[in-house]
Amino acid sequence: VRLRQQRQGTTNTDAWLLVQRAERLRRALPTVSRDSLAAKVVEGDALLAQAEALDPKWVDVPVARAQLAYEHSRQLRATPALAEDPIRRGIEHADRAIAIDLRNANAYEVRGNLRTWRWALKLEADPRKAELLLADARKDLEQAKTLNPGQAGAWASLSFIYYQVDDATLYEVNEAAQRAW
């Protein structure tokens with residue numbers, strides 16, 4: 001069903017095939033050695049860049065690029081400074097997806113996750129900016145679940161954020177976790 005819905009986003013067969021190849025690479029990232037990780041990410045992003053050039057209005061492509069960057073940054077968690085660039089690129093891709101479709105829950109979710117991850121890695125040294133980063137992540141994830149109440153990943157991330165902030169109640173933390181489940 002997901003593939004059928006994604007396929008409806010483009011009429012360009014070549015773009016579709018490139019996205020499918022990139023998706024196979026992204027799914028394999030957790031099993032790739034650290035030595036070959038960067039090369040696989042570059043290969044996947046190059047495929048997605050080609051697909052985006054073939055169909056620049058297909059919102060799923062910049063979302064996929066943001067998801068790939070997020071996955072890459074997660075693989076670099078042992079060295080947080082190395083995750084900075086993939087996070088920045090991922091946010092840029094998500095911004096582009098939102099510019100194409102203001103109602104794309106996946107774009108808001110991945111941007112919220114990237115911002116949350118940047119906050120969790122403590123890549124923002126200024127405490128005030130870090131607080132704003134987490135607030136922006138929260139807004140993105142709340143927008144994602146508003147657009148799609150079944151957006152489990154957004155709910156899961158919101159549960160984490162609600163647990164971190166002072167203004168959320170234990171009820172909100174538990175509700176978000178329950179909705180994610």
# chains A, B, ... in the order shown; residues from 1 in each chain; ligands from 1

$ residues_around --residues "A:Glu109" --least-positions-apart "5" --cutoff "6 Å" --atoms "only C-alpha atoms" --output "VMD selection string"
chain A and resid 141 144 154

$ write_last_selection --atoms "C-alpha atoms" --output "PDB file, in the first residue's frame"
ATOM      1  CA  LEU A 141       6.474  16.722  15.349  1.00  0.00           C
ATOM      2  CA  ALA A 144       3.257  15.875  11.703  1.00  0.00           C
ATOM      3  CA  ALA A 154       6.218  11.517  15.386  1.00  0.00           C
TER       4      ALA A 154
END

$ select_by_dssp --residues "stretch 111-166 of chain A" --states "alpha helix (DSSP H)" --output "number ranges by chain"
A: 111-120, 127-147, 152-164

$ residues_around --residues "A:Glu131" --least-positions-apart "2" --cutoff "12 Å" --atoms "only C-alpha atoms" --output "number ranges by chain"
A: 115-116, 118-120, 122-129, 133-138, 161, 164-166

$ write_last_selection --atoms "N, CA and C atoms" --output "PDB file, in the first residue's frame"
ATOM      1  N   ARG A 115      16.101  17.674  14.186  1.00  0.00           N
ATOM      2  CA  ARG A 115      16.317  18.713  15.188  1.00  0.00           C
ATOM      3  C   ARG A 115      16.450  18.113  16.588  1.00  0.00           C
ATOM      4  N   THR A 116      15.623  17.128  16.886  1.00  0.00           N
ATOM      5  CA  THR A 116      15.707  16.457  18.182  1.00  0.00           C
ATOM      6  C   THR A 116      17.062  15.774  18.341  1.00  0.00           C
ATOM      7  N   ARG A 118      19.872  16.539  16.829  1.00  0.00           N
ATOM      8  CA  ARG A 118      20.905  17.574  16.991  1.00  0.00           C
ATOM      9  C   ARG A 118      20.932  18.045  18.447  1.00  0.00           C
ATOM     10  N   TRP A 119      19.757  18.212  19.035  1.00  0.00           N
ATOM     11  CA  TRP A 119      19.657  18.623  20.434  1.00  0.00           C
ATOM     12  C   TRP A 119      20.223  17.527  21.348  1.00  0.00           C
ATOM     13  N   ALA A 120      19.833  16.287  21.100  1.00  0.00           N
ATOM     14  CA  ALA A 120      20.266  15.171  21.951  1.00  0.00           C
ATOM     15  C   ALA A 120      21.780  14.973  21.909  1.00  0.00           C
ATOM     16  N   LYS A 122      23.805  17.323  21.669  1.00  0.00           N
ATOM     17  CA  LYS A 122      24.380  18.546  22.251  1.00  0.00           C
ATOM     18  C   LYS A 122      25.278  19.288  21.264  1.00  0.00           C
ATOM     19  N   LEU A 123      24.816  19.350  20.003  1.00  0.00           N
ATOM     20  CA  LEU A 123      25.589  20.038  18.972  1.00  0.00           C
ATOM     21  C   LEU A 123      25.358  21.548  18.987  1.00  0.00           C
ATOM     22  N   GLU A 124      24.347  21.988  19.711  1.00  0.00           N
ATOM     23  CA  GLU A 124      24.103  23.424  19.883  1.00  0.00           C
ATOM     24  C   GLU A 124      24.645  23.821  21.249  1.00  0.00           C
ATOM     25  N   ALA A 125      25.753  24.560  21.252  1.00  0.00           N
ATOM     26  CA  ALA A 125      26.431  24.900  22.505  1.00  0.00           C
ATOM     27  C   ALA A 125      25.691  25.958  23.327  1.00  0.00           C
ATOM     28  N   ASP A 126      25.055  26.895  22.655  1.00  0.00           N
ATOM     29  CA  ASP A 126      24.344  27.977  23.341  1.00  0.00           C
ATOM     30  C   ASP A 126      23.058  27.408  23.958  1.00  0.00           C
ATOM     31  N   PRO A 127      22.902  27.484  25.302  1.00  0.00           N
ATOM     32  CA  PRO A 127      21.723  26.891  25.950  1.00  0.00           C
ATOM     33  C   PRO A 127      20.398  27.460  25.440  1.00  0.00           C
ATOM     34  N   ARG A 128      20.348  28.751  25.162  1.00  0.00           N
ATOM     35  CA  ARG A 128      19.108  29.358  24.655  1.00  0.00           C
ATOM     36  C   ARG A 128      18.776  28.824  23.251  1.00  0.00           C
ATOM     37  N   LYS A 129      19.784  28.734  22.401  1.00  0.00           N
ATOM     38  CA  LYS A 129      19.572  28.190  21.056  1.00  0.00           C
ATOM     39  C   LYS A 129      19.197  26.710  21.113  1.00  0.00           C
ATOM     40  N   LEU A 133      15.890  25.070  19.623  1.00  0.00           N
ATOM     41  CA  LEU A 133      15.997  23.917  18.728  1.00  0.00           C
ATOM     42  C   LEU A 133      15.010  22.830  19.135  1.00  0.00           C
ATOM     43  N   LEU A 134      14.950  22.541  20.426  1.00  0.00           N
ATOM     44  CA  LEU A 134      14.018  21.523  20.912  1.00  0.00           C
ATOM     45  C   LEU A 134      12.569  21.991  20.732  1.00  0.00           C
ATOM     46  N   ALA A 135      12.316  23.281  20.931  1.00  0.00           N
ATOM     47  CA  ALA A 135      10.959  23.817  20.726  1.00  0.00           C
ATOM     48  C   ALA A 135      10.551  23.701  19.254  1.00  0.00           C
ATOM     49  N   ASP A 136      11.487  23.966  18.345  1.00  0.00           N
ATOM     50  CA  ASP A 136      11.189  23.830  16.912  1.00  0.00           C
ATOM     51  C   ASP A 136      10.941  22.370  16.544  1.00  0.00           C
ATOM     52  N   ALA A 137      11.722  21.473  17.128  1.00  0.00           N
ATOM     53  CA  ALA A 137      11.512  20.038  16.888  1.00  0.00           C
ATOM     54  C   ALA A 137      10.114  19.635  17.343  1.00  0.00           C
ATOM     55  N   ARG A 138       9.737  20.116  18.503  1.00  0.00           N
ATOM     56  CA  ARG A 138       8.412  19.813  19.044  1.00  0.00           C
ATOM     57  C   ARG A 138       7.307  20.311  18.116  1.00  0.00           C
ATOM     58  N   ILE A 161      10.405  14.091  23.707  1.00  0.00           N
ATOM     59  CA  ILE A 161      10.501  15.544  23.923  1.00  0.00           C
ATOM     60  C   ILE A 161       9.668  15.957  25.122  1.00  0.00           C
ATOM     61  N   GLN A 164      11.368  15.668  28.227  1.00  0.00           N
ATOM     62  CA  GLN A 164      12.502  16.564  28.430  1.00  0.00           C
ATOM     63  C   GLN A 164      12.101  17.970  28.870  1.00  0.00           C
ATOM     64  N   VAL A 165      10.881  18.385  28.539  1.00  0.00           N
ATOM     65  CA  VAL A 165      10.487  19.779  28.773  1.00  0.00           C
ATOM     66  C   VAL A 165       9.676  19.911  30.061  1.00  0.00           C
ATOM     67  N   ASP A 166       9.718  21.115  30.615  1.00  0.00           N
ATOM     68  CA  ASP A 166       9.045  21.368  31.893  1.00  0.00           C
ATOM     69  C   ASP A 166       7.533  21.539  31.775  1.00  0.00           C
TER      70      ASP A 166
END

$ residues_around --residues "A:Arg96" --least-positions-apart "4" --cutoff "12 Å" --atoms "only C-alpha atoms" --output "list of chain:residue names"
A:Glu52, A:Pro56, A:Lys57, A:Trp58, A:Val59, A:Asp60, A:Val61, A:Pro62, A:Val63, A:Ala64, A:Arg65, A:Ala66, A:Arg89, A:Gly90, A:Ile91, A:Glu92, A:Ile100, A:Asp101, A:Leu102, A:Asn104, A:Ala107, A:Tyr108, A:Arg111

$ atom_distance --atom1 "atom CA of A:Asn12" --atom2 "atom CA of A:Ile87"
28.7 Å

$ atom_distance --atom1 "atom CA of A:Ala156" --atom2 "atom CA of A:Trp181"
7.8 Å

$ residues_around --residues "A:Thr13" --least-positions-apart "6" --cutoff "12 Å" --atoms "only C-alpha atoms" --output "MDAnalysis selection string"
chainID A and resid 7 19:20 51 54:55
